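K.L.:
Next up, final03.tsv (TSV, C-alpha atoms).
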```tsv
chain	number	residue	atom	x	y	z
L	204	MET	CA	16.01	-3.45	-8.58
L	205	THR	CA	16.28	-2.92	-4.83
L	206	THR	CA	13.56	-3.91	-2.38
L	207	ALA	CA	13.09	-1.06	0.10
L	208	LEU	CA	12.90	-2.88	3.43
L	209	TYR	CA	12.29	0.34	5.38
L	210	LEU	CA	8.87	0.75	3.77
L	211	ASP	CA	7.58	-2.36	5.56
L	212	ASP	CA	9.46	-1.93	8.83
L	213	ALA	CA	11.27	1.32	9.65
L	214	TYR	CA	12.46	-0.25	12.93
L	215	GLN	CA	14.51	-3.04	11.34
L	216	ARG	CA	18.12	-2.25	12.19
L	217	GLN	CA	19.97	-5.16	10.60
L	218	ALA	CA	19.39	-7.42	7.60
L	219	THR	CA	21.22	-9.59	5.11
L	220	GLY	CA	21.61	-8.57	1.50
L	221	ARG	CA	23.31	-9.53	-1.75
L	222	VAL	CA	25.37	-7.20	-3.92
L	223	THR	CA	23.73	-6.90	-7.35
L	224	ALA	CA	25.85	-4.10	-8.84
L	225	LEU	CA	28.72	-1.69	-8.26
L	226	THR	CA	28.58	1.79	-9.75
L	227	ALA	CA	31.39	3.53	-11.61
L	228	GLU	CA	31.54	6.07	-8.76
L	229	GLY	CA	32.14	3.37	-6.15
L	230	GLY	CA	28.59	2.86	-4.89
L	231	ILE	CA	27.00	-0.46	-3.91
L	232	VAL	CA	23.57	-1.72	-4.96
L	233	LEU	CA	21.92	-4.48	-2.93
L	234	ASP	CA	18.93	-6.66	-3.73
L	235	ALA	CA	17.21	-5.37	-0.55
L	236	SER	CA	18.12	-2.26	1.43
L	237	LEU	CA	17.54	-1.09	4.99
L	238	PHE	CA	19.05	2.25	4.00
L	239	TYR	CA	16.65	5.05	3.08
L	240	PRO	CA	17.97	7.02	0.07
L	241	THR	CA	18.06	10.82	0.16
L	242	ALA	CA	14.64	12.05	-0.98
L	243	GLY	CA	11.83	14.39	-0.02
L	244	GLY	CA	14.05	16.49	2.23
L	245	GLN	CA	15.11	13.48	4.32
L	246	PRO	CA	18.84	12.60	4.18
L	247	GLY	CA	20.01	9.12	3.34
L	248	ASP	CA	20.78	6.65	6.10
L	249	SER	CA	24.26	5.80	7.31
L	250	GLY	CA	25.65	2.62	8.88
L	251	HIS	CA	27.95	-0.21	7.80
L	252	LEU	CA	28.23	-3.43	5.79
L	253	GLU	CA	30.02	-6.59	6.94
L	254	TRP	CA	31.18	-9.61	4.92
L	255	GLN	CA	33.95	-12.17	5.31
L	256	GLY	CA	35.42	-10.41	8.32
L	257	ARG	CA	35.43	-7.01	6.61
L	258	ARG	CA	33.52	-3.88	7.55
L	259	LEU	CA	32.69	-0.95	5.28
L	260	MET	CA	31.21	2.27	6.65
L	261	ILE	CA	28.34	3.75	4.64
L	262	ALA	CA	28.02	7.54	4.69
L	263	THR	CA	24.67	7.84	2.94
L	264	ALA	CA	22.32	6.27	0.39
L	265	ILE	CA	20.99	7.79	-2.82
L	266	LYS	CA	18.54	6.83	-5.52
L	267	GLY	CA	19.84	5.10	-8.63
L	268	ALA	CA	18.21	4.04	-11.87
L	269	GLY	CA	14.69	2.74	-11.55
L	270	SER	CA	14.16	1.44	-8.03
L	271	ASP	CA	17.87	0.94	-7.29
L	272	ILE	CA	19.24	2.27	-4.00
L	273	ILE	CA	22.96	3.06	-4.04
L	274	LEU	CA	24.97	2.88	-0.81
L	275	VAL	CA	27.84	5.39	-0.73
L	276	PRO	CA	30.97	4.39	1.25
L	277	ALA	CA	32.31	6.91	3.76
L	278	GLU	CA	35.78	6.70	2.16
L	279	PRO	CA	37.46	4.87	-0.73
L	280	ALA	CA	37.90	1.19	0.11
L	281	ALA	CA	37.73	-2.30	-1.38
L	282	LEU	CA	34.10	-3.07	-2.25
L	283	PRO	CA	32.28	-6.38	-1.87
L	284	PRO	CA	32.15	-8.08	-5.30
L	285	VAL	CA	28.86	-8.56	-7.12
L	286	GLY	CA	27.14	-11.65	-5.71
L	287	THR	CA	28.54	-11.20	-2.20
L	288	HIS	CA	26.14	-11.96	0.65
L	289	LEU	CA	26.59	-9.52	3.50
L	290	THR	CA	25.01	-7.99	6.60
L	291	GLN	CA	23.84	-4.39	6.60
L	292	THR	CA	23.47	-2.44	9.84
L	293	LEU	CA	21.96	1.02	10.28
L	294	ASP	CA	23.24	3.84	12.44
L	295	TRP	CA	20.04	3.42	14.42
L	296	GLU	CA	20.31	6.43	16.72
L	297	ARG	CA	20.61	8.74	13.71
L	298	ARG	CA	17.81	6.99	11.80
L	299	HIS	CA	15.44	7.18	14.77
L	300	ARG	CA	16.04	10.91	15.21
L	301	LEU	CA	15.28	11.44	11.52
L	302	MET	CA	12.09	9.40	11.93
L	303	ARG	CA	11.03	11.54	14.87
L	304	MET	CA	11.65	14.77	12.99
L	305	HIS	CA	9.97	13.58	9.80
L	306	THR	CA	6.84	12.66	11.73
L	307	ALA	CA	6.98	15.99	13.56
L	308	LEU	CA	6.94	17.84	10.24
L	309	HIS	CA	3.74	16.03	9.31
L	310	LEU	CA	2.24	17.50	12.48
L	311	LEU	CA	3.54	20.94	11.53
L	312	SER	CA	1.63	20.65	8.24
L	313	VAL	CA	-1.50	19.96	10.30
L	314	VAL	CA	-1.24	23.01	12.57
L	315	ILE	CA	-0.34	25.23	9.60
L	316	PRO	CA	-2.82	24.05	6.94
L	317	GLN	CA	-1.19	25.75	3.96
L	318	PRO	CA	0.41	24.29	0.81
L	319	VAL	CA	3.99	23.10	1.39
L	320	THR	CA	6.59	24.30	-1.10
L	321	GLY	CA	9.65	22.57	0.36
L	322	GLY	CA	11.21	21.01	3.41
L	323	GLN	CA	14.36	19.65	4.98
L	324	ILE	CA	15.07	17.21	7.80
L	325	SER	CA	18.09	16.80	10.05
L	326	GLU	CA	18.76	14.97	13.30
L	327	ALA	CA	17.95	17.89	15.60
L	328	LYS	CA	15.74	20.17	13.54
L	329	GLY	CA	13.64	20.38	10.42
L	330	ARG	CA	11.72	22.94	8.45
L	331	LEU	CA	8.82	23.32	6.07
L	332	ASP	CA	8.27	26.12	3.59
L	333	PHE	CA	4.66	27.22	3.28
L	334	ASP	CA	2.91	29.10	0.50
L	335	MET	CA	1.55	31.89	2.67
L	336	GLN	CA	2.03	35.63	2.73
L	337	ASP	CA	1.88	36.34	6.46
L	338	PRO	CA	3.59	34.45	9.30
L	339	PRO	CA	1.55	32.59	11.94
L	340	ASP	CA	0.48	35.02	14.66
L	341	ASP	CA	0.24	32.57	17.57
L	342	ARG	CA	3.57	30.84	18.07
L	343	ASP	CA	2.74	29.64	21.58
L	344	GLY	CA	-0.57	28.26	20.38
L	345	LEU	CA	1.11	26.33	17.57
L	346	THR	CA	3.65	24.86	19.95
L	347	ASP	CA	0.92	23.83	22.37
L	348	ARG	CA	-1.06	22.13	19.59
L	349	LEU	CA	2.01	20.27	18.38
L	350	ASN	CA	2.88	18.97	21.82
L	351	SER	CA	-0.76	18.06	22.52
L	352	MET	CA	-0.82	15.87	19.40
L	353	ILE	CA	2.42	14.24	20.50
L	354	ALA	CA	1.07	13.59	24.01
L	355	ALA	CA	-2.09	12.04	22.50
L	356	ASP	CA	0.03	9.00	21.50
L	357	LEU	CA	-1.59	8.77	18.06
L	358	PRO	CA	-0.63	5.75	15.91
L	359	VAL	CA	1.34	6.38	12.71
L	360	THR	CA	0.61	3.83	9.98
L	361	SER	CA	0.90	3.46	6.23
L	362	GLN	CA	-1.24	2.10	3.43
L	363	TRP	CA	-1.14	1.90	-0.35
L	364	ILE	CA	-3.67	3.22	-2.83
L	365	THR	CA	-3.76	3.30	-6.62
L	366	GLN	CA	-2.79	6.29	-8.69
L	367	ALA	CA	-6.41	6.56	-9.81
L	368	GLU	CA	-7.55	6.74	-6.18
L	369	LEU	CA	-5.04	9.52	-5.47
L	370	ASP	CA	-6.11	11.42	-8.57
L	371	ALA	CA	-9.67	11.30	-7.22
L	372	GLN	CA	-8.50	12.83	-3.91
L	373	PRO	CA	-6.11	15.66	-4.89
L	374	ALA	CA	-6.54	17.32	-1.47
L	375	LEU	CA	-4.34	14.57	0.00
L	376	ILE	CA	-1.31	16.14	-1.67
L	377	LYS	CA	0.10	18.92	0.51
L	378	THR	CA	3.42	19.42	-1.25
L	379	LEU	CA	3.62	21.61	-4.32
L	380	SER	CA	7.22	20.83	-5.26
L	381	VAL	CA	7.62	17.12	-4.42
L	382	LYS	CA	5.75	14.44	-6.33
L	383	PRO	CA	4.10	11.69	-4.26
L	384	PRO	CA	6.18	8.47	-4.03
L	385	ARG	CA	4.96	5.87	-6.47
L	386	GLY	CA	5.62	2.17	-6.86
L	387	ALA	CA	4.23	0.72	-10.08
L	388	ASP	CA	0.63	2.00	-9.90
L	389	GLN	CA	0.71	2.29	-6.12
L	390	VAL	CA	1.08	5.38	-3.93
L	391	ARG	CA	2.04	5.14	-0.26
L	392	LEU	CA	-0.01	7.12	2.26
L	393	VAL	CA	1.08	7.86	5.82
L	394	GLN	CA	-1.76	8.21	8.32
L	395	ILE	CA	-1.59	9.78	11.79
L	396	GLY	CA	-4.44	8.77	14.10
L	397	ARG	CA	-7.36	6.49	13.34
L	398	GLY	CA	-11.07	6.99	12.84
L	399	ALA	CA	-12.40	10.09	14.54
L	400	GLU	CA	-8.88	10.76	15.88
L	401	GLN	CA	-7.23	10.86	12.44
L	402	ILE	CA	-5.42	14.17	12.03
L	403	ASP	CA	-3.35	13.61	8.91
L	404	LEU	CA	-3.26	11.50	5.75
L	405	GLN	CA	-0.85	12.30	2.93
L	406	PRO	CA	1.44	10.62	0.38
L	407	CYS	CA	4.94	10.05	1.78
L	408	GLY	CA	7.79	7.63	1.17
L	409	GLY	CA	9.84	8.50	4.25
L	410	THR	CA	10.42	6.75	7.56
L	411	HIS	CA	8.31	7.55	10.62
L	412	VAL	CA	7.90	6.56	14.25
L	413	ARG	CA	5.05	4.23	15.24
L	414	SER	CA	3.34	6.76	17.48
L	415	THR	CA	3.44	10.51	17.98
L	416	ILE	CA	4.54	10.02	21.60
L	417	GLU	CA	7.96	8.88	20.31
L	418	ILE	CA	8.65	12.30	18.81
L	419	GLY	CA	9.23	13.86	22.21
L	420	ALA	CA	8.83	17.54	23.04
L	421	LEU	CA	9.13	20.06	20.22
L	422	ARG	CA	10.07	23.71	20.07
L	423	LEU	CA	8.98	26.05	17.29
L	424	GLY	CA	12.01	27.84	15.87
L	425	LYS	CA	12.42	30.91	13.74
L	426	ILE	CA	10.05	31.83	10.94
L	427	GLU	CA	11.72	33.37	7.90
L	428	LYS	CA	10.31	35.14	4.88
L	429	LYS	CA	11.51	33.47	1.68
L	430	GLY	CA	10.15	35.38	-1.27
L	431	ARG	CA	6.95	37.37	-1.66
L	432	GLN	CA	4.63	34.60	-0.49
L	433	ASN	CA	6.73	31.95	1.18
L	434	ARG	CA	7.39	31.40	4.89
L	435	ARG	CA	10.01	28.99	6.24
L	436	VAL	CA	9.11	27.52	9.63
L	437	TYR	CA	11.64	25.61	11.74
L	438	LEU	CA	11.02	22.89	14.32
L	439	HIS	CA	13.51	21.64	16.91
L	440	LEU	CA	13.59	18.48	18.98
L	441	GLU	CA	13.95	19.63	22.58
L	442	ASP	CA	16.61	16.99	23.23
L	443	GLY	CA	18.52	18.02	20.12
```
Turn the structure described in the file into structure tokens.
P.N.:
Amino acid sequence: MTTALYLDDAYQRQATGRVTALTAEGGIVLDASLFYPTAGGQPGDSGHLEWQGRRLMIATAIKGAGSDIILVPAEPAALPPVGTHLTQTLDWERRHRLMRMHTALHLLSVVIPQPVTGGQISEAKGRLDFDMQDPPDDRDGLTDRLNSMIAADLPVTSQWITQAELDAQPALIKTLSVKPPRGADQVRLVQIGRGAEQIDLQPCGGTHVRSTIEIGALRLGKIEKKGRQNRRVYLHLEDG
């Protein structure tokens, strides 16, 4: 079992950990992980581990059995034995760009209020697939709305509700293909804005910035037709 440290603080860049298992494929499982595992269209984090004067580069993280998070070394190397106490450090610049883009895609789902059938996140761009027959007809208007929400400096927070509470509010689920993240009987919600200024609330297990202002300027990219009733919409970070 791995405690997902990023759920409580996505800004924590370094932490200690203890090796609890090594996989047959050469992966490392820690008791607590800063590294987000590939899921929901967001790639796994990269960084490095240090112990007893050694350093091991981590290329990505993936989900293992149960709640385990497996860290994947960038290349074959000697692994820290089970029981080793070590320090884990994120590639923070990469993580922060992924956080910015993930939060930006939440805003995209606000300005295009259609069911989401898929998505993907990278450091410079991201995309959502929408269940809609016709493309948006006001690209400039969408871009203006996105950047207005960013400039509004809206807080981005999270909370947990029970599965029963989510079942009673099915409209919270925007994604058709990805199941909401669950922990025991708990579901994590990400909220953008508060009170009368709340613009979004949906289940999500990813990492996000603390405020929309951190996203920076966005540019709407190409819109592709993917199937009879599916449109793929791209977003770009302007500094990407």
K.L.:
Nearest residue to Arg300 (chain L) out of L:Glu427, L:Glu326, L:Asp442, L:Asp403, using all atoms listed in the file?
P.N.:
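Looking only at the distances to Arg300 (chain L), the closest residue turns out to be L:Glu326.
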K.L.:
Of the candidates L:Gly220, L:Lys328, L:Ser270, L:Ala277, which one gets nearest to Thr292 (chain L) if we count all atoms listed in the file?
P.N.:
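Using all atoms listed in the file, the shortest distance to Thr292 (chain L) belongs to L:Gly220.
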K.L.:
Counting all atoms listed in the file, which of L:Arg297, L:Val319, L:Met204, L:Glu228 gets nearest to Asp271 (chain L)?
P.N.:
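Of all the options, L:Met204 lies closest to Asp271 (chain L).
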K.L.:
Work out how far CA of Gly398 (chain L) is from CA of Asp332 (chain L), in Å to one decimal.
P.N.:
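Atom-to-atom, CA of Asp332 (chain L) and CA of Gly398 (chain L) are spaced 28.7 Å apart.
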K.L.:
Every residue with an atom at most 7 Å from (35.5, 2.3, 6.8) (file coordinates; all atoms listed in the file) is what I'm after, so could you write them as a short mmCIF file (atom, residue, chain, number, x, y, z; two decimals) with C-alpha atoms, keeping the file's coordinate frame?
P.N.:
```
data_model
loop_
_atom_site.label_atom_id
_atom_site.label_comp_id
_atom_site.auth_asym_id
_atom_site.auth_seq_id
_atom_site.Cartn_x
_atom_site.Cartn_y
_atom_site.Cartn_z
CA ARG L 258 33.52 -3.88 7.55
CA LEU L 259 32.69 -0.95 5.28
CA MET L 260 31.21 2.27 6.65
CA ALA L 277 32.31 6.91 3.76
CA GLU L 278 35.78 6.70 2.16
#
```
K.L.:
Determine, for each residue of region 409-433 of chain L having at least one atom at most 12 Å from an atom of region 354-373 of chain L, the closest pair of atoms and their separation in Å to one decimal, counting all atoms listed in the file; order by chain and ascending number, as CSV.
P.N.:
```
residue,atom,partner,partner_atom,distance
L:Gly409,CA,L:Ser361,CA,10.5
L:Thr410,CA,L:Ser361,CA,10.2
L:His411,CA,L:Val359,CA,7.4
L:Val412,CA,L:Val359,CA,6.7
L:Arg413,CA,L:Val359,CA,5.0
L:Ser414,CA,L:Pro358,CA,4.4
L:Thr415,CA,L:Asp356,CA,5.1
L:Ile416,CA,L:Asp356,CA,4.6
L:Glu417,CA,L:Asp356,CA,8.0
L:Ile418,CA,L:Ala354,CA,9.3
L:Gly419,CA,L:Ala354,CA,8.4
L:Ala420,CA,L:Ala354,CA,8.8
L:Leu421,CA,L:Ala354,CA,11.0
```
K.L.:
So that I can check the surroundings of region 282-289 of chain L, please list as a PDB file with C-alpha atoms, keeping the file's coordinate frame every protein, DNA and RNA residue that reaches within 10 Å of it, counting only C-alpha atoms and ignoring chain neighbours fewer than 6 positions away.
P.N.:
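The file below, result.pdb, is the result:
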```pdb
ATOM      1  CA  ALA L 218      19.390  -7.420   7.600  1.00  0.00           C
ATOM      2  CA  THR L 219      21.220  -9.590   5.110  1.00  0.00           C
ATOM      3  CA  GLY L 220      21.610  -8.570   1.500  1.00  0.00           C
ATOM      4  CA  ARG L 221      23.310  -9.530  -1.750  1.00  0.00           C
ATOM      5  CA  VAL L 222      25.370  -7.200  -3.920  1.00  0.00           C
ATOM      6  CA  THR L 223      23.730  -6.900  -7.350  1.00  0.00           C
ATOM      7  CA  ALA L 224      25.850  -4.100  -8.840  1.00  0.00           C
ATOM      8  CA  LEU L 225      28.720  -1.690  -8.260  1.00  0.00           C
ATOM      9  CA  GLY L 229      32.140   3.370  -6.150  1.00  0.00           C
ATOM     10  CA  GLY L 230      28.590   2.860  -4.890  1.00  0.00           C
ATOM     11  CA  ILE L 231      27.000  -0.460  -3.910  1.00  0.00           C
ATOM     12  CA  VAL L 232      23.570  -1.720  -4.960  1.00  0.00           C
ATOM     13  CA  LEU L 233      21.920  -4.480  -2.930  1.00  0.00           C
ATOM     14  CA  ASP L 234      18.930  -6.660  -3.730  1.00  0.00           C
ATOM     15  CA  LEU L 252      28.230  -3.430   5.790  1.00  0.00           C
ATOM     16  CA  GLU L 253      30.020  -6.590   6.940  1.00  0.00           C
ATOM     17  CA  TRP L 254      31.180  -9.610   4.920  1.00  0.00           C
ATOM     18  CA  GLN L 255      33.950 -12.170   5.310  1.00  0.00           C
ATOM     19  CA  ARG L 257      35.430  -7.010   6.610  1.00  0.00           C
ATOM     20  CA  ARG L 258      33.520  -3.880   7.550  1.00  0.00           C
ATOM     21  CA  LEU L 259      32.690  -0.950   5.280  1.00  0.00           C
ATOM     22  CA  PRO L 276      30.970   4.390   1.250  1.00  0.00           C
TER      23      PRO L 276
END
```
K.L.:
Name the closest residue to Leu210 (chain L) among the candidates L:Arg391, L:Lys425, L:His305, L:Arg330; distances are taken between atoms, counting all atoms listed in the file.
P.N.:
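Closest to Leu210 (chain L), using all atoms listed in the file: L:Arg391.
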K.L.:
When you draw a straight line from CA of Arg216 (chain L) to CA of Thr290 (chain L), how long is it in Å?
P.N.:
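Atom-to-atom, CA of Arg216 (chain L) to CA of Thr290 (chain L), that is 10.6 Å.
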K.L.:
Pick from L:Gly408, L:Gly443, L:Gly256, L:Gly430: nearest to Phe333 (chain L), with only C-alpha atoms counted?
P.N.:
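For Phe333 (chain L), the nearest of the given residues is L:Gly430.
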K.L.:
Could you check the closest approach to Thr226 (chain L) for each of L:Ala327, L:Ile265, L:Met304, L:Ile273 and tell me which residue wins, using only C-alpha atoms?
P.N.:
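With only C-alpha atoms as the atom set, the closest residue is L:Ile273.
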K.L.:
So what do you get for CA of Leu423 (chain L) versus CA of Thr320 (chain L), distance-wise?
P.N.:
18.6 Å
K.L.:
Report as a VMD selection string all protein, DNA and RNA residues lying within 9 Å of region 294-296 of chain L, evaluated on all atoms listed in the file, omitting residues in the same chain fewer than 3 positions from it.
P.N.:
chain L and resid 214 216 248 to 251 299 to 301
K.L.:
Using C-alpha atoms, can you write the selected residues to a file as a compact mmCIF listing (two decimals), in the coordinates of the input?
P.N.:
```txt
# COMPACT_ATOMS: atom_id res chain seq x y z
CA TYR L 214 12.46 -0.25 12.93
CA ARG L 216 18.12 -2.25 12.19
CA ASP L 248 20.78 6.65 6.10
CA SER L 249 24.26 5.80 7.31
CA GLY L 250 25.65 2.62 8.88
CA HIS L 251 27.95 -0.21 7.80
CA HIS L 299 15.44 7.18 14.77
CA ARG L 300 16.04 10.91 15.21
CA LEU L 301 15.28 11.44 11.52
```
K.L.:
Output region 346-430 of chain L from the block with C-alpha atoms, as a PDB file, in the first residue's frame?
P.N.:
```pdb
ATOM      1  CA  THR L 346     -10.358  31.480 -25.883  1.00  0.00           C
ATOM      2  CA  ASP L 347     -11.518  34.736 -24.308  1.00  0.00           C
ATOM      3  CA  ARG L 348     -13.642  32.869 -21.750  1.00  0.00           C
ATOM      4  CA  LEU L 349     -10.759  30.569 -20.853  1.00  0.00           C
ATOM      5  CA  ASN L 350      -8.330  33.419 -20.324  1.00  0.00           C
ATOM      6  CA  SER L 351     -10.935  35.412 -18.362  1.00  0.00           C
ATOM      7  CA  MET L 352     -11.337  32.515 -15.927  1.00  0.00           C
ATOM      8  CA  ILE L 353      -7.569  32.300 -15.583  1.00  0.00           C
ATOM      9  CA  ALA L 354      -7.273  36.047 -14.935  1.00  0.00           C
ATOM     10  CA  ALA L 355     -10.017  35.806 -12.286  1.00  0.00           C
ATOM     11  CA  ASP L 356      -7.488  34.047 -10.002  1.00  0.00           C
ATOM     12  CA  LEU L 357     -10.033  31.458  -8.862  1.00  0.00           C
ATOM     13  CA  PRO L 358      -8.924  29.061  -6.088  1.00  0.00           C
ATOM     14  CA  VAL L 359      -8.563  25.371  -6.943  1.00  0.00           C
ATOM     15  CA  THR L 360      -9.288  23.077  -3.991  1.00  0.00           C
ATOM     16  CA  SER L 361     -10.244  19.481  -3.305  1.00  0.00           C
ATOM     17  CA  GLN L 362     -12.627  17.663  -1.007  1.00  0.00           C
ATOM     18  CA  TRP L 363     -13.813  14.118  -0.411  1.00  0.00           C
ATOM     19  CA  ILE L 364     -17.355  12.787  -0.538  1.00  0.00           C
ATOM     20  CA  THR L 365     -18.801   9.308  -0.136  1.00  0.00           C
ATOM     21  CA  GLN L 366     -19.727   7.063  -3.016  1.00  0.00           C
ATOM     22  CA  ALA L 367     -23.360   7.385  -1.970  1.00  0.00           C
ATOM     23  CA  GLU L 368     -23.123  11.179  -2.189  1.00  0.00           C
ATOM     24  CA  LEU L 369     -21.651  10.935  -5.695  1.00  0.00           C
ATOM     25  CA  ASP L 370     -24.341   8.492  -6.771  1.00  0.00           C
ATOM     26  CA  ALA L 371     -26.909  11.070  -5.653  1.00  0.00           C
ATOM     27  CA  GLN L 372     -25.247  13.720  -7.859  1.00  0.00           C
ATOM     28  CA  PRO L 373     -24.493  11.964 -11.182  1.00  0.00           C
ATOM     29  CA  ALA L 374     -24.228  15.321 -12.998  1.00  0.00           C
ATOM     30  CA  LEU L 375     -20.847  15.823 -11.297  1.00  0.00           C
ATOM     31  CA  ILE L 376     -19.341  13.160 -13.561  1.00  0.00           C
ATOM     32  CA  LYS L 377     -18.302  14.695 -16.888  1.00  0.00           C
ATOM     33  CA  THR L 378     -16.222  11.831 -18.227  1.00  0.00           C
ATOM     34  CA  LEU L 379     -17.895   8.935 -19.991  1.00  0.00           C
ATOM     35  CA  SER L 380     -14.827   6.706 -20.317  1.00  0.00           C
ATOM     36  CA  VAL L 381     -12.907   7.284 -17.062  1.00  0.00           C
ATOM     37  CA  LYS L 382     -14.287   6.175 -13.722  1.00  0.00           C
ATOM     38  CA  PRO L 383     -14.028   8.675 -10.845  1.00  0.00           C
ATOM     39  CA  PRO L 384     -11.035   8.068  -8.527  1.00  0.00           C
ATOM     40  CA  ARG L 385     -12.059   6.216  -5.404  1.00  0.00           C
ATOM     41  CA  GLY L 386     -10.352   5.560  -2.097  1.00  0.00           C
ATOM     42  CA  ALA L 387     -12.204   3.068   0.093  1.00  0.00           C
ATOM     43  CA  ASP L 388     -15.706   4.598   0.038  1.00  0.00           C
ATOM     44  CA  GLN L 389     -14.393   8.080  -0.702  1.00  0.00           C
ATOM     45  CA  VAL L 390     -14.360  10.020  -3.980  1.00  0.00           C
ATOM     46  CA  ARG L 391     -12.140  13.057  -4.492  1.00  0.00           C
ATOM     47  CA  LEU L 392     -13.710  16.190  -5.981  1.00  0.00           C
ATOM     48  CA  VAL L 393     -11.755  19.101  -7.445  1.00  0.00           C
ATOM     49  CA  GLN L 394     -13.453  22.479  -7.138  1.00  0.00           C
ATOM     50  CA  ILE L 395     -12.613  25.659  -9.069  1.00  0.00           C
ATOM     51  CA  GLY L 396     -13.917  28.846  -7.473  1.00  0.00           C
ATOM     52  CA  ARG L 397     -15.942  29.205  -4.289  1.00  0.00           C
ATOM     53  CA  GLY L 398     -19.511  30.137  -3.492  1.00  0.00           C
ATOM     54  CA  ALA L 399     -21.128  32.251  -6.171  1.00  0.00           C
ATOM     55  CA  GLU L 400     -17.825  32.189  -8.106  1.00  0.00           C
ATOM     56  CA  GLN L 401     -17.651  28.389  -8.329  1.00  0.00           C
ATOM     57  CA  ILE L 402     -17.365  27.378 -11.975  1.00  0.00           C
ATOM     58  CA  ASP L 403     -16.489  23.696 -11.761  1.00  0.00           C
ATOM     59  CA  LEU L 404     -16.804  20.707  -9.441  1.00  0.00           C
ATOM     60  CA  GLN L 405     -15.989  17.203 -10.642  1.00  0.00           C
ATOM     61  CA  PRO L 406     -14.322  13.953  -9.520  1.00  0.00           C
ATOM     62  CA  CYS L 407     -10.589  13.937 -10.285  1.00  0.00           C
ATOM     63  CA  GLY L 408      -7.501  12.270  -8.863  1.00  0.00           C
ATOM     64  CA  GLY L 409      -4.920  14.376 -10.708  1.00  0.00           C
ATOM     65  CA  THR L 410      -2.639  17.203  -9.643  1.00  0.00           C
ATOM     66  CA  HIS L 411      -3.657  20.842 -10.066  1.00  0.00           C
ATOM     67  CA  VAL L 412      -2.383  24.349  -9.418  1.00  0.00           C
ATOM     68  CA  ARG L 413      -3.701  26.298  -6.426  1.00  0.00           C
ATOM     69  CA  SER L 414      -5.265  29.048  -8.508  1.00  0.00           C
ATOM     70  CA  THR L 415      -6.290  29.531 -12.118  1.00  0.00           C
ATOM     71  CA  ILE L 416      -3.882  32.470 -12.433  1.00  0.00           C
ATOM     72  CA  GLU L 417      -0.977  29.977 -12.324  1.00  0.00           C
ATOM     73  CA  ILE L 418      -2.093  28.378 -15.588  1.00  0.00           C
ATOM     74  CA  GLY L 419      -0.918  31.337 -17.635  1.00  0.00           C
ATOM     75  CA  ALA L 420      -2.235  32.309 -21.052  1.00  0.00           C
ATOM     76  CA  LEU L 421      -3.851  29.611 -23.188  1.00  0.00           C
ATOM     77  CA  ARG L 422      -4.347  29.172 -26.900  1.00  0.00           C
ATOM     78  CA  LEU L 423      -7.092  27.043 -28.421  1.00  0.00           C
ATOM     79  CA  GLY L 424      -5.576  24.616 -30.915  1.00  0.00           C
ATOM     80  CA  LYS L 425      -7.042  22.530 -33.684  1.00  0.00           C
ATOM     81  CA  ILE L 426     -10.407  20.833 -33.453  1.00  0.00           C
ATOM     82  CA  GLU L 427     -10.575  17.408 -35.084  1.00  0.00           C
ATOM     83  CA  LYS L 428     -13.484  15.162 -35.935  1.00  0.00           C
ATOM     84  CA  LYS L 429     -13.001  11.717 -34.383  1.00  0.00           C
ATOM     85  CA  GLY L 430     -15.891   9.525 -35.388  1.00  0.00           C
TER      86      GLY L 430
END
```
